[in-house]
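J.: What follows is entry12.txt, made up of compact mmCIF, C-alpha atoms and all ligand atoms:
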```
# COMPACT_ATOMS: atom_id res chain seq x y z
CA MET F 11 17.30 19.36 -27.27
CA THR F 12 19.96 19.46 -30.03
CA ASP F 13 21.62 22.70 -28.88
CA LEU F 14 22.23 21.27 -25.43
CA ARG F 15 25.40 19.66 -24.08
CA PRO F 16 25.89 16.46 -26.13
CA THR F 17 28.24 14.52 -23.86
CA LEU F 18 27.50 11.78 -21.34
CA GLN F 19 29.86 10.17 -18.84
CA ASP F 20 31.09 6.76 -19.86
CA LYS F 21 30.31 4.86 -16.66
CA ALA F 22 28.00 5.04 -13.64
CA LEU F 23 27.26 2.79 -10.66
CA ALA F 24 24.09 2.80 -8.57
CA HIS F 25 22.93 0.82 -5.53
CA GLY F 26 19.70 -1.12 -5.10
CA LYS F 27 17.78 -1.25 -1.82
CA VAL F 28 15.74 -3.41 0.52
CA ILE F 29 13.18 -1.81 2.83
CA LEU F 30 13.18 -3.52 6.24
CA GLY F 31 10.11 -1.67 7.47
CA GLY F 32 7.88 1.33 6.87
CA GLU F 33 7.24 1.10 3.11
CA HIS F 34 4.10 2.93 1.96
CA ALA F 35 3.84 4.73 5.32
CA VAL F 36 7.04 6.56 4.31
CA VAL F 37 5.09 8.25 1.49
CA TYR F 38 2.95 9.86 4.25
CA GLY F 39 5.86 11.20 6.31
CA CYS F 40 6.44 8.18 8.58
CA PRO F 41 9.98 6.84 9.04
CA ALA F 42 11.20 3.72 7.20
CA ILE F 43 14.39 1.69 7.58
CA ALA F 44 16.19 0.45 4.49
CA VAL F 45 19.54 -1.02 3.49
CA SER F 46 21.34 -0.68 0.19
CA ILE F 47 22.37 -3.48 -2.14
CA PRO F 48 25.82 -2.17 -3.12
CA ARG F 49 26.68 -1.33 -6.74
CA ALA F 50 23.71 -3.29 -8.07
CA LEU F 51 23.59 -1.56 -11.47
CA GLU F 52 26.43 -0.56 -13.76
CA LEU F 53 25.74 1.64 -16.78
CA ARG F 54 28.31 2.04 -19.55
CA CYS F 55 27.85 4.61 -22.23
CA GLU F 56 29.40 4.70 -25.69
CA ARG F 57 29.12 7.26 -28.43
CA SER F 58 27.66 5.81 -31.62
CA GLU F 59 29.01 7.26 -34.89
CA THR F 60 26.15 5.89 -36.98
CA GLN F 61 23.06 6.35 -34.80
CA GLN F 62 21.21 9.59 -34.06
CA ASP F 63 19.06 7.94 -31.40
CA LEU F 64 19.63 7.04 -27.77
CA LEU F 65 19.74 3.29 -27.27
CA LEU F 66 19.26 1.93 -23.74
CA SER F 67 19.76 -1.79 -23.29
CA VAL F 68 19.70 -3.76 -20.04
CA PRO F 69 19.72 -7.43 -21.14
CA ALA F 70 19.03 -8.75 -17.60
CA TRP F 71 15.71 -6.87 -17.69
CA GLY F 72 14.96 -7.87 -21.30
CA LEU F 73 15.09 -4.15 -22.01
CA GLU F 74 16.09 -2.54 -25.28
CA ARG F 75 14.71 0.93 -25.90
CA ARG F 76 15.47 3.32 -28.74
CA LEU F 77 14.51 6.95 -28.34
CA GLY F 78 14.77 9.74 -30.88
CA PRO F 79 14.95 13.50 -30.46
CA THR F 80 11.33 13.91 -31.63
CA PRO F 81 8.89 12.97 -28.84
CA SER F 82 6.05 10.65 -29.80
CA THR F 83 2.56 10.75 -28.29
CA SER F 84 2.48 7.05 -27.32
CA GLU F 85 5.32 7.14 -24.82
CA ASP F 86 5.39 4.89 -21.78
CA ARG F 87 6.83 5.68 -18.37
CA LEU F 88 10.39 4.63 -19.24
CA ASP F 89 10.53 6.88 -22.32
CA GLN F 90 9.08 9.77 -20.34
CA ALA F 91 11.51 9.24 -17.44
CA LEU F 92 14.49 9.17 -19.82
CA ARG F 93 13.40 12.37 -21.54
CA ALA F 94 12.63 14.09 -18.23
CA ILE F 95 16.06 13.28 -16.75
CA PHE F 96 18.06 14.45 -19.77
CA ALA F 97 15.90 17.54 -20.31
CA SER F 98 16.31 18.57 -16.64
CA ALA F 99 20.07 18.08 -16.89
CA ARG F 100 20.07 20.08 -20.15
CA VAL F 101 21.88 17.26 -21.92
CA ALA F 102 21.16 15.96 -25.42
CA PRO F 103 21.79 12.19 -25.16
CA TRP F 104 21.33 11.43 -28.89
CA GLY F 105 23.88 9.24 -30.61
CA HIS F 106 24.73 7.22 -27.49
CA HIS F 107 24.34 3.61 -26.50
CA ILE F 108 23.84 3.05 -22.76
CA HIS F 109 24.36 -0.55 -21.71
CA GLY F 110 23.31 -1.78 -18.26
CA LYS F 111 24.62 -4.75 -16.29
CA THR F 112 22.71 -5.76 -13.18
CA GLU F 113 21.69 -8.60 -10.92
CA LEU F 114 18.67 -6.69 -9.60
CA PRO F 115 15.36 -8.05 -10.85
CA ALA F 116 13.23 -5.35 -12.51
CA GLY F 117 9.97 -4.21 -10.88
CA ALA F 118 10.59 -6.39 -7.83
CA GLY F 119 10.80 -3.87 -4.99
CA LEU F 120 14.61 -3.87 -4.85
CA GLY F 121 15.02 -0.36 -6.21
CA SER F 122 15.61 -1.11 -9.90
CA SER F 123 13.86 2.02 -11.19
CA ALA F 124 15.68 4.29 -8.73
CA ALA F 125 19.02 2.64 -9.61
CA LEU F 126 18.33 3.27 -13.30
CA CYS F 127 17.38 6.91 -12.63
CA VAL F 128 20.47 7.42 -10.45
CA GLY F 129 22.74 5.80 -13.05
CA LEU F 130 21.29 7.99 -15.80
CA ALA F 131 21.57 11.09 -13.59
CA LYS F 132 25.26 10.31 -13.01
CA LEU F 133 25.87 9.86 -16.75
CA ALA F 134 24.10 13.14 -17.45
CA LEU F 135 25.67 15.28 -14.71
CA GLY F 136 29.26 14.12 -14.89
CA PRO F 137 31.93 13.53 -12.25
CA GLN F 138 31.75 16.99 -10.64
CA ALA F 139 28.11 16.61 -9.62
CA SER F 140 27.32 16.42 -5.91
CA ASP F 141 25.45 13.42 -4.52
CA GLN F 142 22.58 15.78 -3.69
CA ALA F 143 22.36 16.97 -7.32
CA ILE F 144 22.35 13.33 -8.49
CA PHE F 145 19.61 12.51 -5.97
CA GLU F 146 17.48 15.45 -7.11
CA LEU F 147 17.85 14.64 -10.80
CA SER F 148 17.07 10.95 -10.20
CA MET F 149 13.85 12.03 -8.45
CA VAL F 150 12.72 13.66 -11.71
CA GLY F 151 12.73 10.18 -13.30
CA GLU F 152 11.39 8.42 -10.18
CA SER F 153 8.40 10.78 -10.15
CA VAL F 154 7.52 9.51 -13.61
CA PHE F 155 7.81 5.86 -12.51
CA HIS F 156 6.24 6.17 -9.04
CA GLY F 157 3.91 9.17 -9.21
CA ASP F 158 4.64 10.34 -5.66
CA PRO F 159 7.96 8.81 -4.55
CA SER F 160 9.04 9.37 -0.96
CA GLY F 161 12.67 9.49 -2.12
CA ILE F 162 13.80 6.49 -0.05
CA ASP F 163 14.77 4.41 -3.11
CA SER F 164 16.77 7.23 -4.71
CA HIS F 165 18.43 8.10 -1.41
CA LEU F 166 19.64 4.53 -0.88
CA SER F 167 20.69 4.26 -4.51
CA VAL F 168 22.91 7.35 -4.28
CA PHE F 169 24.18 7.29 -0.70
CA GLY F 170 24.01 3.58 0.24
CA GLY F 171 24.27 2.26 3.82
CA VAL F 172 21.56 1.50 6.35
CA VAL F 173 19.26 4.45 7.08
CA ARG F 174 16.17 5.59 8.86
CA PHE F 175 14.53 7.73 6.21
CA THR F 176 11.76 10.24 6.81
CA ARG F 177 10.49 12.23 3.85
CA GLY F 178 11.68 15.83 3.91
CA GLN F 179 14.13 15.23 6.80
CA LYS F 180 17.82 14.51 6.91
CA PRO F 181 18.15 10.68 6.81
CA GLU F 182 19.78 9.17 9.88
CA PRO F 183 22.33 6.36 9.57
CA VAL F 184 21.45 3.22 11.55
CA ARG F 185 24.73 1.92 12.93
CA LEU F 186 24.42 -1.85 13.11
CA PRO F 187 26.62 -3.20 15.90
CA GLY F 188 27.30 -6.41 13.92
CA PRO F 189 26.48 -8.07 10.60
CA LEU F 190 22.85 -8.86 9.78
CA GLY F 191 21.94 -11.92 7.71
CA LEU F 192 18.76 -11.68 5.64
CA TRP F 193 17.33 -13.61 2.71
CA ILE F 194 15.32 -12.46 -0.28
CA ILE F 195 12.82 -14.56 -2.22
CA SER F 196 11.59 -13.26 -5.57
CA SER F 197 7.95 -14.00 -6.41
CA GLN F 198 8.86 -13.44 -10.08
CA THR F 199 5.73 -11.31 -10.39
CA PRO F 200 6.61 -7.84 -11.64
CA ARG F 201 4.36 -4.91 -10.77
CA GLN F 202 4.14 -1.11 -10.99
CA SER F 203 4.89 0.73 -7.75
CA ALA F 204 2.81 3.72 -8.90
CA ASN F 205 -0.38 1.60 -9.00
CA LEU F 206 0.26 0.14 -5.55
CA VAL F 207 0.99 3.55 -4.02
CA ALA F 208 -2.21 4.90 -5.65
CA GLY F 209 -4.20 1.91 -4.27
CA VAL F 210 -3.06 2.62 -0.71
CA LYS F 211 -3.96 6.29 -1.14
CA ALA F 212 -7.47 5.40 -2.35
CA ARG F 213 -8.05 3.00 0.57
CA MET F 214 -6.90 5.53 3.15
CA GLU F 215 -9.01 8.26 1.57
CA ALA F 216 -12.03 5.95 1.76
CA LEU F 217 -11.38 5.43 5.49
CA PRO F 218 -10.06 8.76 6.79
CA LEU F 219 -10.69 7.77 10.43
CA LEU F 220 -8.14 4.99 10.10
CA ALA F 221 -5.31 6.90 8.43
CA LYS F 222 -3.82 8.51 11.54
CA PRO F 223 -3.80 5.38 13.76
CA THR F 224 -2.54 3.23 10.88
CA TRP F 225 0.45 5.50 10.23
CA ALA F 226 1.05 5.78 13.99
CA LEU F 227 1.25 1.97 14.20
CA PHE F 228 3.72 1.87 11.30
CA GLU F 229 5.81 4.50 13.00
CA ALA F 230 5.82 2.60 16.32
CA GLN F 231 6.79 -0.63 14.55
CA VAL F 232 9.66 1.07 12.72
CA GLN F 233 10.88 2.58 16.00
CA ALA F 234 10.73 -0.87 17.64
CA MET F 235 12.51 -2.33 14.60
CA GLN F 236 15.34 0.19 14.93
CA GLU F 237 15.72 -0.64 18.63
CA ALA F 238 15.74 -4.39 17.87
CA LEU F 239 18.38 -3.87 15.16
CA LEU F 240 20.61 -1.90 17.51
CA ALA F 241 20.17 -4.41 20.36
CA ARG F 242 20.56 -7.41 18.00
CA ALA F 243 17.25 -8.64 19.44
CA PHE F 244 16.55 -10.96 16.51
CA LYS F 245 13.43 -12.62 17.94
CA ASN F 246 11.79 -9.22 18.34
CA LEU F 247 13.00 -8.14 14.92
CA GLY F 248 11.33 -11.21 13.39
CA LEU F 249 8.13 -10.53 15.31
CA ILE F 250 8.01 -6.95 14.07
CA MET F 251 8.57 -8.14 10.48
CA GLN F 252 5.56 -10.45 10.90
CA MET F 253 3.47 -7.53 12.17
CA GLN F 254 4.62 -5.29 9.32
CA HIS F 255 3.57 -7.89 6.77
CA GLN F 256 0.09 -8.08 8.32
CA LEU F 257 -0.22 -4.30 8.34
CA LEU F 258 0.88 -4.07 4.70
CA ALA F 259 -1.51 -6.90 3.79
CA GLY F 260 -4.27 -4.89 5.49
CA LEU F 261 -3.43 -2.00 3.17
CA GLY F 262 -4.08 -4.34 0.24
CA VAL F 263 -0.52 -4.67 -1.09
CA SER F 264 0.15 -8.33 -0.36
CA THR F 265 -0.94 -11.23 -2.58
CA PRO F 266 -1.69 -14.91 -1.86
CA GLN F 267 1.69 -15.71 -3.44
CA LEU F 268 3.59 -13.31 -1.13
CA ASP F 269 1.64 -14.62 1.89
CA GLY F 270 2.52 -18.17 0.78
CA LEU F 271 6.22 -17.35 0.47
CA CYS F 272 6.18 -15.79 3.96
CA THR F 273 4.59 -18.98 5.31
CA CYS F 274 7.27 -21.10 3.60
CA ALA F 275 9.95 -18.92 5.20
CA MET F 276 8.44 -19.34 8.66
CA GLN F 277 8.05 -23.12 8.20
CA ALA F 278 11.71 -23.23 7.18
CA GLY F 279 12.57 -21.73 10.57
CA ALA F 280 12.77 -17.98 9.79
CA LEU F 281 12.19 -15.63 12.71
CA GLY F 282 10.14 -13.26 10.54
CA ALA F 283 9.14 -12.61 6.93
CA LYS F 284 7.46 -9.74 5.14
CA LEU F 285 6.93 -8.31 1.69
CA THR F 286 9.42 -5.58 0.89
CA GLY F 287 8.90 -2.47 -1.23
CA ALA F 288 5.59 -1.66 -2.83
CA GLY F 289 4.24 -5.27 -2.75
CA GLY F 290 1.71 -6.63 -5.25
CA GLY F 291 4.42 -9.10 -6.31
CA GLY F 292 8.13 -8.39 -6.10
CA CYS F 293 10.07 -9.86 -3.21
CA VAL F 294 9.76 -11.25 0.30
CA LEU F 295 12.40 -10.40 2.90
CA LEU F 296 13.08 -12.88 5.66
CA LEU F 297 15.20 -13.15 8.75
CA PRO F 298 16.77 -16.57 9.36
CA PRO F 299 17.85 -17.55 12.87
CA PRO F 300 21.17 -15.73 13.50
CA ASP F 301 23.12 -19.00 13.89
CA ALA F 302 21.61 -20.68 10.78
CA ASP F 303 23.97 -22.21 8.25
CA ASN F 304 23.17 -20.67 4.84
CA LYS F 305 23.33 -24.00 3.01
CA ASP F 306 21.03 -25.80 5.46
CA PHE F 307 18.59 -22.91 5.66
CA GLY F 308 18.50 -22.61 1.86
CA SER F 309 17.72 -26.35 1.52
CA GLN F 310 14.95 -26.10 4.11
CA LEU F 311 13.47 -23.10 2.31
CA GLU F 312 13.59 -24.90 -1.03
CA ALA F 313 11.87 -27.96 0.41
CA GLU F 314 9.07 -25.79 1.86
CA MET F 315 8.57 -23.89 -1.41
CA GLN F 316 8.48 -27.12 -3.40
CA THR F 317 5.95 -28.73 -1.05
CA GLN F 318 3.69 -25.75 -0.43
CA MET F 319 3.94 -23.74 -3.64
CA GLY F 320 4.82 -26.47 -6.16
CA LYS F 321 8.05 -24.79 -7.26
CA ILE F 322 11.25 -23.24 -5.97
CA TYR F 323 11.31 -19.46 -6.32
CA PRO F 324 14.64 -17.64 -6.78
CA HIS F 325 16.15 -16.88 -3.37
CA PHE F 326 19.46 -15.60 -2.08
CA PRO F 327 21.10 -14.53 1.18
CA LEU F 328 21.90 -10.87 1.75
CA GLU F 329 24.58 -10.14 4.32
CA ILE F 330 24.49 -6.57 5.67
CA GLN F 331 27.81 -5.58 7.18
CA GLU F 332 28.31 -3.83 10.51
CA GLN F 333 27.95 -0.09 9.84
C1 LIG R 401 8.85 1.62 -2.89
O1 LIG R 401 10.13 1.03 -2.93
C2 LIG R 401 8.57 2.11 -1.52
C3 LIG R 401 7.20 2.79 -1.36
O2 LIG R 401 7.13 3.21 0.01
C4 LIG R 401 7.04 4.00 -2.27
C5 LIG R 401 7.97 5.15 -1.90
O3 LIG R 401 8.41 5.26 -0.77
O4 LIG R 401 8.17 6.00 -2.79
C6 LIG R 401 6.05 1.84 -1.61
```
Could you quickly redo this structure as structure tokens?
T.:
Amino acid sequence: MTDLRPTLQDKALAHGKVILGGEHAVVYGCPAIAVSIPRALELRCERSETQQDLLLSVPAWGLERRLGPTPSTSEDRLDQALRAIFASARVAPWGHHIHGKTELPAGAGLGSSAALCVGLAKLALGPQASDQAIFELSMVGESVFHGDPSGIDSHLSVFGGVVRFTRGQKPEPVRLPGPLGLWIISSQTPRQSANLVAGVKARMEALPLLAKPTWALFEAQVQAMQEALLARAFKNLGLIMQMQHQLLAGLGVSTPQLDGLCTCAMQAGALGAKLTGAGGGGCVLLLPPPDADNKDFGSQLEAEMQTQMGKIYPHFPLEIQEQ
């Protein structure tokens, strides 16, 4: 790669995401609704006079990776994704230090891998690049991480907002008529999306009779979710989240810990709770009553987690603004 363009941009921002409904089904062409977590990752890039390698460090993820121009045979997904992105952009990244600052947990279903791929794509392509070009380049890296990504994570990471996303179609903005208050609980169990997506594929291939009605049910739930969001029908929204969690659990992507966190949320007074993203660990998304005071609801949630799960898992409110 040494004869390629040797310059990277010095700064890039990328959003994270939360899927409200339709994860996994979106891989099979069903719609999903997701919201972005604005500017969740910042990458800064400096030229290093002394090093010939590329150094990527994201201290919040405990990540420090050094990569040289000569590929090695024992490369993991991150190394392969980095090489694939820079090779596709025809950029030689050697002699740079990329430093990431983020509050997104890694491998937790909040779009950390897509945010990293989008940030790297922005550094590689420079300020003139279109959002579409950034999206496409980020998908080169996401394909390494996810195997068969639908594109929803990369889309949210580049374009932000609240969208109804269907693979291969133009995403539609979902215009919320007012703010939407959600909470996230992290199970602190990291996992690999690619394995979970492959597990769902294997289960559906084993039961081909069930695939069509299962995806149809996802699609109907996502449609009902969109209507509930637009009508601010929070009780229905919570009910649909409960149904989505059961459907995802049926696909084998929940865990006793995620089920337990959903139960804690409901006992604390939430209207609905579900896993979000690929599952298998990661995060739970919950909908508090619309009039709940954040401090009181947080205390109630903590008390339930302490009693039922023996510890308090990291949790935080997420306020989505009117769109
Ligand atoms: C991962 O954030 C969402 C999944 O639907 C996979 C994808 O859409 O690529 C599980």
J.: Report as a PDB file with C-alpha atoms, in the coordinates of the input which protein, DNA and RNA residues come within 6 Å of ligand LIG 401 (chain R), using only C-alpha atoms and all ligand atoms.
T.:
```
ATOM      1  CA  GLU F  33       7.240   1.100   3.110  1.00  0.00           C
ATOM      2  CA  HIS F  34       4.100   2.930   1.960  1.00  0.00           C
ATOM      3  CA  VAL F  36       7.040   6.560   4.310  1.00  0.00           C
ATOM      4  CA  VAL F  37       5.090   8.250   1.490  1.00  0.00           C
ATOM      5  CA  GLY F 119      10.800  -3.870  -4.990  1.00  0.00           C
ATOM      6  CA  PRO F 159       7.960   8.810  -4.550  1.00  0.00           C
ATOM      7  CA  SER F 160       9.040   9.370  -0.960  1.00  0.00           C
ATOM      8  CA  GLY F 161      12.670   9.490  -2.120  1.00  0.00           C
ATOM      9  CA  ILE F 162      13.800   6.490  -0.050  1.00  0.00           C
ATOM     10  CA  ASP F 163      14.770   4.410  -3.110  1.00  0.00           C
ATOM     11  CA  VAL F 207       0.990   3.550  -4.020  1.00  0.00           C
ATOM     12  CA  GLY F 287       8.900  -2.470  -1.230  1.00  0.00           C
ATOM     13  CA  ALA F 288       5.590  -1.660  -2.830  1.00  0.00           C
TER      14      ALA F 288
END
```
J.: Using all atoms listed in the file, which protein or nucleic acid residues come within 7 Å of Gly117 of chain F? Drop anything in the same chain fewer than 5 positions from it, and give the result as an mmCIF file with C-alpha atoms, in the frame of the given file.
T.:
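Wrote result19.cif, looks like this:
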```cif
data_model
loop_
_atom_site.group_PDB
_atom_site.id
_atom_site.type_symbol
_atom_site.label_atom_id
_atom_site.label_comp_id
_atom_site.auth_asym_id
_atom_site.auth_seq_id
_atom_site.Cartn_x
_atom_site.Cartn_y
_atom_site.Cartn_z
ATOM 1 C CA SER F 122 15.610 -1.110 -9.900
ATOM 2 C CA PRO F 200 6.610 -7.840 -11.640
ATOM 3 C CA ARG F 201 4.360 -4.910 -10.770
ATOM 4 C CA GLN F 202 4.140 -1.110 -10.990
ATOM 5 C CA GLY F 292 8.130 -8.390 -6.100
#
```
J.: Go through F:Val210, F:Leu88, F:Ala35, F:Leu296 one by one, measure the shortest atom-to-atom distance of each to Thr224 of chain F using all atoms listed in the file, and give the residue with the smallest value.
T.: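 Closest candidate: F:Ala35.
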J.: Can you tell me, as a list in words, what residues are no more than 10 Å from Leu18 of chain F when counting all atoms listed in the file, ignoring any on the same chain fewer than 5 positions away?
T.: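 Once the adjacent positions are removed, what remains is Arg54, Cys55, Glu56, Arg57, Phe96, Val101, Ala102, Pro103, Trp104, His106, Ile108, Leu130, Ala131, Lys132, Leu133, Ala134, Leu135 and Gly136 of chain F.
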J.: Excluding Lys284 of chain F and its own-chain neighbours fewer than 5 positions away, which residues fall within 6 Å of it when counting only C-alpha atoms? Please give them as a ChimeraX atom specification.
T.: /F:251,255,294-295
J.: Find the residues of segment 226-259 of chain F that sit at most 12 Å from segment 172-178 of chain F; for each, write down the nearest two atoms and how far apart they are in Å, to one decimal. Count only C-alpha atoms. Sort by chain, then by number going up, and give it as CSV.
T.:
```
residue,atom,partner,partner_atom,distance
F:Glu229,CA,F:Thr176,CA,10.3
F:Val232,CA,F:Arg174,CA,8.8
F:Gln233,CA,F:Arg174,CA,9.4
F:Met235,CA,F:Arg174,CA,10.4
F:Gln236,CA,F:Arg174,CA,8.2
F:Glu237,CA,F:Arg174,CA,11.6
F:Leu239,CA,F:Val172,CA,10.8
F:Leu240,CA,F:Val172,CA,11.7
```
J.: Could you give me, as a tab-separated table, a per-residue list for segment 150-202 of chain F showing, wherever an atom lies at most 10 Å from an atom of segment 259-277 of chain F, the closest pair of atoms and their distance in Å to one decimal, using all atoms listed in the file and sorting by chain then residue number from low to high?
T.:
```
residue	atom	partner	partner_atom	distance
F:Trp193	CA	F:Ala275	CA	9.4
F:Ile195	CA	F:Leu271	CA	7.7
F:Ser196	CA	F:Leu271	CA	9.1
F:Ser197	CA	F:Leu268	CA	6.9
F:Thr199	CA	F:Gln267	CA	9.2
```
J.: Skip Glu312 of chain F itself and residues of its chain fewer than 2 positions away, then list as a PyMOL selection string all residues within 9 Å of it, counting all atoms listed in the file.
T.: chain F and resi 274+278+307-310+314-317+321-323+325
J.: What is the atom CA of Gly26 of chain F-atom CA of Gly170 of chain F distance in Å, reported with one decimal?
T.: 8.3 Å
J.: If we count all atoms listed in the file, what is near Val128 of chain F at a cut-off of 9 Å, once residues fewer than 2 positions away on the same chain are taken out, given as a PyMOL selection string?
T.: chain F and resi 22-25+123-126+130-133+144-145+147-149+151+164+167-168
J.: With only C-alpha atoms as the atoms that count, which of F:Ile250, F:Ala313, F:Ala118, F:Leu206 lies nearest to Ala230 of chain F?
T.: F:Ile250
J.: Quote the spacing between atom CA of Glu113 of chain F and atom CA of Ala143 of chain F in Å to one decimal place.
T.: 25.8 Å
J.: In Å, rounded to a single decimal, give me how far atom CA of Gln62 of chain F is from atom CA of Gly105 of chain F.
T.: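 Going from atom CA of Gly105 of chain F over to atom CA of Gln62 of chain F, I get 4.4 Å.
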J.: Starting from 4 Å padding per side, set up an axis-aligned box that covers all listed atoms of segment 276-295 of chain F and hand over centre and edge lengths in Å, one decimal, as AutoDock Vina command-line options.
T.:
```
--center_x 7.2 --center_y -12.4 --center_z 3.2 --size_x 19.1 --size_y 29.6 --size_z 27.0
```
J.: Given all atoms listed in the file as the basis, pick out the residue of F:Leu217, F:Ala280, F:Ala302, F:Leu120 nearest to Val45 of chain F.
T.: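 Looking at the shortest contact to Val45 of chain F, the residue is F:Leu120.
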J.: Between F:Asp306, F:Asp20, F:Glu152, F:Glu182, single out the one closest to Ala94 of chain F, counting only C-alpha atoms.
T.: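 Residue with the minimum atom-to-atom distance to Ala94 of chain F: F:Glu152.
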